[in-house]
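Engineer: Have a peek at final_17.txt (compact mmCIF, C-alpha atoms).
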# COMPACT_ATOMS: atom_id res chain seq x y z
CA MET C 1 21.80 4.85 -39.89
CA ALA C 2 23.76 1.62 -39.35
CA ASN C 3 26.19 1.48 -36.44
CA ILE C 4 29.74 1.24 -37.77
CA ALA C 5 32.55 0.81 -35.24
CA LEU C 6 36.26 1.20 -35.91
CA ILE C 7 38.60 -0.37 -33.34
CA THR C 8 42.33 0.23 -33.04
CA GLY C 9 44.13 -2.47 -31.04
CA VAL C 10 41.56 -4.98 -32.27
CA THR C 11 43.92 -7.95 -31.82
CA GLY C 12 44.40 -7.23 -28.10
CA GLN C 13 42.51 -8.52 -25.09
CA ASP C 14 40.04 -5.61 -24.99
CA GLY C 15 39.75 -5.30 -28.76
CA SER C 16 38.72 -8.93 -29.17
CA TYR C 17 36.07 -8.76 -26.42
CA LEU C 18 34.75 -5.43 -27.71
CA SER C 19 34.48 -6.84 -31.24
CA GLU C 20 32.38 -9.75 -29.97
CA PHE C 21 30.22 -7.41 -27.89
CA LEU C 22 29.52 -5.02 -30.78
CA LEU C 23 28.88 -7.80 -33.31
CA ASP C 24 26.28 -9.22 -30.93
CA LYS C 25 24.62 -5.80 -30.96
CA GLY C 26 24.43 -5.82 -34.76
CA TYR C 27 27.32 -3.45 -35.46
CA ASP C 28 29.45 -3.48 -38.56
CA VAL C 29 32.88 -3.84 -36.91
CA HIS C 30 36.13 -2.72 -38.54
CA GLY C 31 39.51 -3.31 -36.93
CA ILE C 32 42.91 -1.79 -37.65
CA ILE C 33 45.91 -4.12 -37.64
CA ARG C 34 49.58 -3.41 -38.32
CA ARG C 35 51.51 -5.03 -41.16
CA SER C 36 54.03 -7.43 -39.67
CA SER C 37 56.02 -10.49 -40.67
CA VAL C 38 54.51 -12.18 -37.61
CA ASP C 39 50.72 -12.31 -37.43
CA TYR C 40 49.14 -11.88 -34.00
CA ARG C 41 45.50 -12.69 -34.63
CA GLU C 42 44.85 -15.54 -32.18
CA ARG C 43 42.31 -13.54 -30.16
CA ILE C 44 40.20 -12.59 -33.21
CA ALA C 45 40.75 -15.63 -35.49
CA HIS C 46 37.26 -16.94 -34.65
CA LEU C 47 35.70 -13.67 -35.89
CA GLU C 48 37.37 -13.44 -39.28
CA GLY C 49 34.63 -15.38 -41.07
CA HIS C 50 31.88 -13.11 -39.70
CA LYS C 51 30.18 -11.12 -42.47
CA ASN C 52 30.17 -7.94 -40.36
CA PHE C 53 33.81 -8.12 -39.24
CA HIS C 54 36.44 -6.42 -41.39
CA LEU C 55 40.17 -5.75 -41.00
CA HIS C 56 42.28 -2.92 -42.41
CA TYR C 57 46.01 -2.24 -42.29
CA GLY C 58 47.06 0.90 -40.47
CA ASP C 59 49.31 2.21 -37.72
CA LEU C 60 48.85 4.89 -35.07
CA GLY C 61 52.35 6.08 -35.94
CA ASP C 62 51.29 6.82 -39.53
CA SER C 63 48.71 9.61 -39.90
CA MET C 64 48.05 8.88 -43.59
CA SER C 65 47.09 5.26 -42.92
CA ILE C 66 44.68 6.33 -40.15
CA LEU C 67 43.19 9.04 -42.37
CA GLN C 68 42.68 6.56 -45.21
CA VAL C 69 40.93 3.97 -43.03
CA VAL C 70 38.66 6.55 -41.38
CA SER C 71 37.82 8.03 -44.79
CA LYS C 72 37.00 4.60 -46.22
CA VAL C 73 35.01 3.19 -43.25
CA ARG C 74 33.31 6.45 -42.16
CA PRO C 75 32.57 5.04 -38.69
CA THR C 76 29.87 6.22 -36.30
CA GLU C 77 32.02 5.12 -33.32
CA ILE C 78 35.78 4.80 -32.88
CA TYR C 79 37.37 2.92 -30.00
CA ASN C 80 41.06 3.78 -29.71
CA LEU C 81 42.44 0.84 -27.73
CA ALA C 82 45.87 0.57 -29.38
CA ALA C 83 48.89 1.57 -27.32
CA GLN C 84 52.38 0.67 -26.21
CA SER C 85 51.03 -0.42 -22.84
CA HIS C 86 54.03 -1.69 -20.86
CA VAL C 87 55.31 0.73 -18.24
CA GLN C 88 58.86 -0.70 -18.22
CA VAL C 89 59.09 -0.67 -22.01
CA SER C 90 58.17 3.03 -21.92
CA PHE C 91 61.43 3.74 -20.06
CA ASP C 92 63.38 1.78 -22.70
CA SER C 93 61.49 3.28 -25.66
CA PRO C 94 60.12 6.65 -24.50
CA GLU C 95 60.01 8.24 -27.97
CA PHE C 96 58.10 5.33 -29.52
CA THR C 97 55.71 5.33 -26.56
CA ALA C 98 55.05 9.06 -26.97
CA ASP C 99 54.52 8.70 -30.72
CA VAL C 100 51.88 5.98 -30.35
CA ASP C 101 50.23 6.74 -26.99
CA ALA C 102 50.22 10.55 -27.25
CA THR C 103 50.50 11.69 -30.88
CA GLY C 104 48.60 8.58 -32.01
CA VAL C 105 45.48 9.86 -30.24
CA LEU C 106 45.85 13.22 -31.99
CA ARG C 107 46.09 11.42 -35.35
CA VAL C 108 42.76 9.66 -34.73
CA LEU C 109 41.04 12.90 -33.70
CA GLU C 110 42.43 14.81 -36.67
CA ALA C 111 41.41 12.04 -39.08
CA VAL C 112 37.82 12.30 -37.86
CA ARG C 113 37.86 16.09 -38.15
CA LEU C 114 39.51 16.17 -41.59
CA CYS C 115 37.08 13.56 -42.96
CA GLY C 116 34.13 15.77 -41.97
CA LEU C 117 32.90 13.33 -39.32
CA ALA C 118 33.23 15.62 -36.28
CA ASP C 119 29.44 15.84 -35.87
CA THR C 120 28.60 12.19 -36.55
CA CYS C 121 31.44 10.04 -35.14
CA LYS C 122 31.82 9.39 -31.40
CA ILE C 123 35.30 8.57 -30.10
CA TYR C 124 36.31 6.50 -27.08
CA GLN C 125 39.88 6.84 -25.82
CA ALA C 126 41.29 4.05 -23.61
CA SER C 127 42.92 5.93 -20.78
CA THR C 128 44.60 4.37 -17.74
CA SER C 129 44.79 4.42 -13.96
CA GLU C 130 48.55 4.99 -14.41
CA LEU C 131 47.63 8.67 -14.85
CA TYR C 132 47.27 8.79 -11.06
CA GLY C 133 50.78 7.30 -10.70
CA LYS C 134 52.13 8.67 -7.44
CA VAL C 135 48.68 8.53 -5.91
CA GLU C 136 47.49 11.69 -4.16
CA GLU C 137 44.20 10.31 -2.76
CA VAL C 138 42.39 7.00 -2.40
CA PRO C 139 40.22 5.78 -3.93
CA GLN C 140 40.69 7.62 -7.22
CA ASN C 141 37.77 9.20 -9.09
CA GLU C 142 37.28 11.59 -12.00
CA GLN C 143 38.33 14.58 -9.86
CA THR C 144 41.50 13.05 -8.38
CA PRO C 145 44.67 14.97 -9.43
CA PHE C 146 46.91 13.19 -11.92
CA HIS C 147 50.55 12.52 -11.09
CA PRO C 148 52.02 10.39 -13.92
CA TYR C 149 55.07 8.43 -12.89
CA SER C 150 56.45 6.93 -16.14
CA PRO C 151 56.91 7.89 -19.82
CA TYR C 152 53.87 5.67 -20.52
CA ALA C 153 51.69 7.57 -18.05
CA VAL C 154 52.91 10.96 -19.32
CA ALA C 155 52.11 9.96 -22.93
CA LYS C 156 48.69 8.71 -21.88
CA LEU C 157 48.07 12.00 -20.06
CA TYR C 158 48.61 13.88 -23.33
CA GLY C 159 46.05 11.52 -24.92
CA PHE C 160 43.57 12.28 -22.14
CA TRP C 161 43.99 16.07 -22.42
CA ILE C 162 43.95 16.24 -26.23
CA VAL C 163 40.62 14.36 -26.21
CA LYS C 164 39.30 16.94 -23.75
CA GLU C 165 40.64 19.76 -25.94
CA TYR C 166 38.96 18.47 -29.12
CA ARG C 167 35.72 17.99 -27.20
CA GLU C 168 35.75 21.65 -26.15
CA ALA C 169 37.37 23.24 -29.22
CA TYR C 170 35.44 21.37 -31.92
CA ASN C 171 32.37 20.21 -29.96
CA MET C 172 33.26 16.59 -30.80
CA PHE C 173 31.75 13.65 -28.91
CA CYS C 174 35.01 12.23 -27.61
CA CYS C 175 35.66 10.84 -24.14
CA SER C 176 38.12 8.84 -22.08
CA GLY C 177 37.54 5.77 -19.96
CA ILE C 178 40.12 5.69 -17.16
CA LEU C 179 40.57 1.93 -16.91
CA PHE C 180 41.98 0.24 -13.85
CA ASN C 181 43.53 -3.26 -14.05
CA HIS C 182 41.33 -5.59 -16.06
CA GLU C 183 42.26 -9.18 -16.69
CA SER C 184 40.98 -12.24 -18.52
CA GLU C 185 42.01 -15.57 -20.00
CA ARG C 186 43.16 -13.56 -23.03
CA ARG C 187 45.61 -11.46 -20.99
CA GLY C 188 49.19 -11.48 -22.24
CA GLU C 189 51.41 -14.03 -20.50
CA THR C 190 53.89 -11.37 -19.32
CA PHE C 191 51.30 -9.70 -17.07
CA VAL C 192 51.43 -10.76 -13.42
CA THR C 193 47.89 -12.19 -13.21
CA ARG C 194 48.37 -14.47 -16.23
CA LYS C 195 51.85 -15.38 -15.01
CA ILE C 196 50.23 -16.59 -11.78
CA THR C 197 47.36 -18.58 -13.34
CA LEU C 198 49.67 -20.28 -15.85
CA ALA C 199 52.15 -21.17 -13.09
CA ALA C 200 49.37 -22.58 -10.89
CA ALA C 201 48.20 -24.75 -13.80
CA ARG C 202 51.72 -25.91 -14.67
CA ILE C 203 52.70 -26.65 -11.07
CA ALA C 204 49.45 -28.56 -10.50
CA GLN C 205 50.19 -30.67 -13.60
CA GLY C 206 53.88 -31.22 -12.84
CA LYS C 207 55.23 -28.94 -15.57
CA GLN C 208 56.78 -26.27 -13.31
CA GLU C 209 58.50 -26.34 -9.94
CA LYS C 210 58.08 -22.85 -8.56
CA LEU C 211 56.65 -19.38 -9.19
CA TYR C 212 58.77 -16.26 -8.60
CA LEU C 213 57.01 -12.95 -7.99
CA GLY C 214 57.63 -9.44 -6.67
CA ASN C 215 55.96 -7.76 -3.70
CA LEU C 216 53.06 -10.01 -2.66
CA SER C 217 51.48 -7.17 -0.68
CA SER C 218 50.99 -4.95 -3.75
CA LEU C 219 47.35 -3.90 -4.01
CA ARG C 220 45.38 -3.64 -7.26
CA ASP C 221 41.80 -3.05 -8.36
CA TRP C 222 41.26 -6.05 -10.67
CA GLY C 223 38.22 -6.46 -12.92
CA TYR C 224 37.15 -8.70 -15.80
CA ALA C 225 37.98 -7.26 -19.25
CA LYS C 226 34.79 -8.74 -20.72
CA ASP C 227 32.73 -6.60 -18.31
CA TYR C 228 34.83 -3.49 -18.94
CA VAL C 229 34.21 -3.36 -22.71
CA GLU C 230 30.49 -3.01 -21.96
CA CYS C 231 31.30 0.16 -20.00
CA MET C 232 33.32 1.50 -22.96
CA TRP C 233 30.22 1.12 -25.13
CA LEU C 234 27.94 2.68 -22.51
CA ILE C 235 30.22 5.75 -22.35
CA LEU C 236 29.54 6.41 -26.06
CA GLN C 237 25.78 5.86 -25.60
CA ASN C 238 25.64 8.54 -22.90
CA LYS C 239 23.71 11.74 -23.72
CA LYS C 240 26.81 13.92 -23.42
CA PRO C 241 30.54 13.22 -23.80
CA GLU C 242 32.18 12.76 -20.40
CA ASP C 243 35.14 10.92 -18.88
CA PHE C 244 34.59 7.95 -16.56
CA VAL C 245 36.63 5.81 -14.18
CA ILE C 246 36.18 2.12 -15.03
CA ALA C 247 37.02 0.00 -11.98
CA THR C 248 35.49 -2.42 -9.46
CA GLY C 249 36.04 -0.27 -6.37
CA VAL C 250 37.55 -3.27 -4.57
CA GLN C 251 41.24 -3.95 -3.89
CA HIS C 252 43.07 -7.26 -3.63
CA SER C 253 46.72 -8.14 -3.07
CA VAL C 254 48.96 -10.21 -5.33
CA ARG C 255 49.02 -12.69 -2.43
CA GLU C 256 45.23 -13.10 -2.61
CA PHE C 257 45.37 -13.60 -6.37
CA CYS C 258 47.98 -16.33 -5.82
CA TYR C 259 45.96 -18.01 -3.09
CA TYR C 260 42.78 -18.28 -5.17
CA ALA C 261 44.62 -19.27 -8.36
CA PHE C 262 46.37 -22.20 -6.66
CA LYS C 263 43.19 -23.11 -4.77
CA HIS C 264 41.27 -23.45 -8.07
CA ALA C 265 44.15 -25.57 -9.39
CA GLY C 266 43.72 -27.91 -6.38
CA ILE C 267 46.54 -26.59 -4.16
CA GLU C 268 46.03 -24.75 -0.87
CA LEU C 269 48.81 -22.31 -0.12
CA GLU C 270 49.95 -21.03 3.24
CA PHE C 271 52.06 -17.87 3.27
CA GLN C 272 54.93 -17.42 5.72
CA GLY C 273 57.50 -14.68 6.22
CA GLU C 274 57.49 -11.05 5.11
CA GLY C 275 58.84 -8.97 2.25
CA LEU C 276 61.66 -10.64 0.35
CA ASP C 277 61.51 -13.63 2.68
CA GLU C 278 57.82 -14.38 2.12
CA LYS C 279 56.99 -17.82 0.71
CA GLY C 280 53.87 -19.64 -0.45
CA ILE C 281 53.90 -23.21 0.86
CA ASP C 282 51.74 -26.14 -0.24
CA LYS C 283 49.80 -27.04 2.91
CA ALA C 284 49.53 -30.69 1.89
CA THR C 285 53.20 -31.33 1.13
CA GLY C 286 55.12 -28.52 2.83
CA LYS C 287 56.80 -27.75 -0.50
CA VAL C 288 57.65 -24.10 -1.31
CA LEU C 289 55.80 -23.22 -4.51
CA VAL C 290 55.89 -19.40 -4.46
CA GLU C 291 58.94 -17.26 -3.70
CA VAL C 292 59.70 -13.57 -3.85
CA SER C 293 62.54 -12.69 -6.20
CA PRO C 294 64.75 -9.63 -5.65
CA ASP C 295 64.55 -9.11 -9.43
CA PHE C 296 60.83 -8.37 -9.18
CA TYR C 297 60.60 -6.95 -5.66
CA ARG C 298 60.11 -3.18 -5.47
CA PRO C 299 59.10 -2.12 -1.95
CA THR C 300 58.43 1.45 -3.13
CA ASP C 301 56.23 0.23 -5.97
CA VAL C 302 53.12 -0.40 -3.86
CA VAL C 303 51.12 2.13 -5.85
CA ASN C 304 47.72 2.26 -4.21
CA LEU C 305 45.60 2.08 -7.36
CA TRP C 306 41.99 1.84 -6.28
CA GLY C 307 39.21 3.13 -8.51
CA ASP C 308 35.87 4.62 -7.56
CA PRO C 309 33.32 3.62 -10.23
CA SER C 310 30.42 5.51 -8.58
CA LYS C 311 29.90 7.85 -11.55
CA ALA C 312 29.74 5.00 -14.09
CA LYS C 313 27.31 3.10 -11.87
CA ARG C 314 25.13 6.15 -11.29
CA GLU C 315 25.10 7.74 -14.76
CA LEU C 316 25.59 4.75 -17.07
CA GLY C 317 23.90 2.02 -15.04
CA TRP C 318 27.05 -0.10 -15.33
CA ASP C 319 27.53 -2.99 -12.89
CA PRO C 320 31.22 -3.46 -11.98
CA ALA C 321 30.38 -6.44 -9.75
CA LYS C 322 29.03 -8.65 -12.55
CA THR C 323 32.06 -10.93 -12.25
CA SER C 324 33.56 -11.25 -8.76
CA PHE C 325 37.29 -11.33 -8.07
CA GLU C 326 37.23 -15.04 -7.24
CA GLU C 327 35.15 -15.81 -10.34
CA LEU C 328 37.67 -13.92 -12.49
CA VAL C 329 40.57 -15.94 -11.06
CA LYS C 330 38.65 -19.18 -11.61
CA ILE C 331 37.89 -18.31 -15.26
CA MET C 332 41.58 -17.68 -15.90
CA VAL C 333 42.78 -20.82 -14.06
CA ASP C 334 40.22 -23.07 -15.79
CA HIS C 335 41.44 -21.79 -19.14
CA ASP C 336 45.10 -22.31 -18.28
CA MET C 337 44.51 -25.77 -16.77
CA ALA C 338 43.01 -26.79 -20.13
CA LYS C 339 45.83 -25.08 -22.04
CA VAL C 340 48.54 -26.90 -20.05
CA ALA C 341 46.70 -30.23 -20.41
CA VAL C 342 46.71 -29.82 -24.21
CA GLU C 343 50.42 -28.91 -24.14
CA ARG C 344 51.17 -32.03 -22.08
CA ALA C 345 49.19 -34.21 -24.47
CA SER C 346 51.03 -32.74 -27.46
CA GLU C 347 54.39 -33.33 -25.77
CA GLY C 348 53.39 -36.93 -25.08
CA ILE C 349 52.51 -37.51 -28.73
CA ARG C 350 55.83 -35.99 -29.87
CA THR C 351 57.79 -38.09 -27.35
CA ASN C 352 56.07 -41.31 -28.45
CA LEU C 353 56.63 -40.48 -32.12
CA ALA C 354 60.32 -39.82 -31.48
CA GLU C 355 60.63 -43.19 -29.71
CA TYR C 356 58.85 -44.99 -32.56
CA LEU C 357 61.15 -43.31 -35.11
CA GLU C 358 64.18 -44.27 -33.08
CA LYS C 359 63.07 -47.90 -32.90
CA GLY C 360 62.19 -47.96 -36.58
CA ILE C 361 58.49 -48.66 -35.90
CA VAL C 362 57.48 -45.58 -37.91
CA LYS C 363 59.39 -44.49 -41.03
Write the structure described by the file as structure tokens, please.
Structural biologist:
Amino acid sequence: MANIALITGVTGQDGSYLSEFLLDKGYDVHGIIRRSSVDYRERIAHLEGHKNFHLHYGDLGDSMSILQVVSKVRPTEIYNLAAQSHVQVSFDSPEFTADVDATGVLRVLEAVRLCGLADTCKIYQASTSELYGKVEEVPQNEQTPFHPYSPYAVAKLYGFWIVKEYREAYNMFCCSGILFNHESERRGETFVTRKITLAAARIAQGKQEKLYLGNLSSLRDWGYAKDYVECMWLILQNKKPEDFVIATGVQHSVREFCYYAFKHAGIELEFQGEGLDEKGIDKATGKVLVEVSPDFYRPTDVVNLWGDPSKAKRELGWDPAKTSFEELVKIMVDHDMAKVAVERASEGIRTNLAEYLEKGIVK
């Protein structure tokens, strides 16, 4: 039987990497995208000509659309990666977050069951380290108590438990991967890691003066998204359906991320001061390039998220250390240095053209 994968959230960071990974393994890959007046397909544009890559319109907020796609594709594996994934947005739009991140998971499970695929389709649910929220022990593993601390985390907790319920009630092969922070050059520009690498590139190339951040001492367990999608796949290849923590098992501070990002951009930072008064200074020039902003600083927000991937390493043979922290930062900075260079070149062309038009050289 051919391997047929259905991916929700296919246009996102993880969805694009997972699509590439599965296509390389010979899968027939189907992705669900939402109808919108603005098309967000940059991350998967290079895949759209592939004979085994297909897109369908659907929405986790619409059970009929999910049912129709599942009925048409009849997948052997489903990866539910779609979500409203911003914690702050979940406070502003708690009902929408619950509808997509909680009830949306139920809609996927029910679609599989109603289409008669409960015995043949395996389901992966993208869970999150935010379930641990107000952390009760460190590091966190599969037995650590959950303490969700936002509408997003509460909605995701429903998703986690309903997957567990369907596994036990209907004997379905469905499992959750509890993902800790995972970054890449495809990360959205509003996330702190990408904000840092873009700023380092822009400052190094004279396009930005300064970077403003929150608490530089905040600790996170950062991994490379490209490595994490392999673990998602391995979870569905396991002999029995189980939940796994997906993490590196190593913590780094926002300060460290900054230091390495600027270093790869050719600037060595020296940090002085503490808390709100901390600054990142260019060693060569003495210029302040990084400052802490009160708008972003939350001293009580040092959530000690630190995953223990021992189970995934032991039972799945997954290697969380394939890409080191410093290598991850370098990959992101190299990408953004090239991106900023292209932007500068484009600006130069537009400026020259405007001058020529003004002087009447070009009509």
Engineer: Report, in Å to a single decimal, how far apart CA of Asp39 (chain C) and CA of Glu230 (chain C) are.
Structural biologist: 27.1 Å
Engineer: Measuring atom to atom with all atoms listed in the file, identify which of C:Gly249, C:Pro151, C:Gly15, C:Gly9 is nearest to Met232 (chain C).
Structural biologist: C:Gly15
Engineer: Compile the contact shell of Ser129 (chain C) as an mmCIF file with C-alpha atoms, in the coordinates of the input: residues with an atom at most 7 Å away, counting all atoms listed in the file, same-chain residues fewer than 3 positions apart removed.
Structural biologist:
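Just written: result-v5.cif:
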data_model
loop_
_atom_site.group_PDB
_atom_site.id
_atom_site.type_symbol
_atom_site.label_atom_id
_atom_site.label_comp_id
_atom_site.auth_asym_id
_atom_site.auth_seq_id
_atom_site.Cartn_x
_atom_site.Cartn_y
_atom_site.Cartn_z
ATOM 1 C CA TYR C 132 47.270 8.790 -11.060
ATOM 2 C CA ILE C 178 40.120 5.690 -17.160
ATOM 3 C CA LEU C 179 40.570 1.930 -16.910
ATOM 4 C CA PHE C 180 41.980 0.240 -13.850
#
Engineer: Might you pull out every residue within 7 Å of Val112 (chain C), with all atoms listed in the file counted and same-chain residues fewer than 5 positions away left off, and present them as a PyMOL selection string?
Structural biologist: chain C and resi 70+117-118
Engineer: Restricting the calculation to only C-alpha atoms, which member of C:Gln143, C:Thr76, C:Ser65, C:Thr103 is positioned closest to Gly307 (chain C)?
Structural biologist: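 Of C:Gln143, C:Thr76, C:Ser65, C:Thr103, the one nearest Gly307 (chain C) is C:Gln143, counting only C-alpha atoms.
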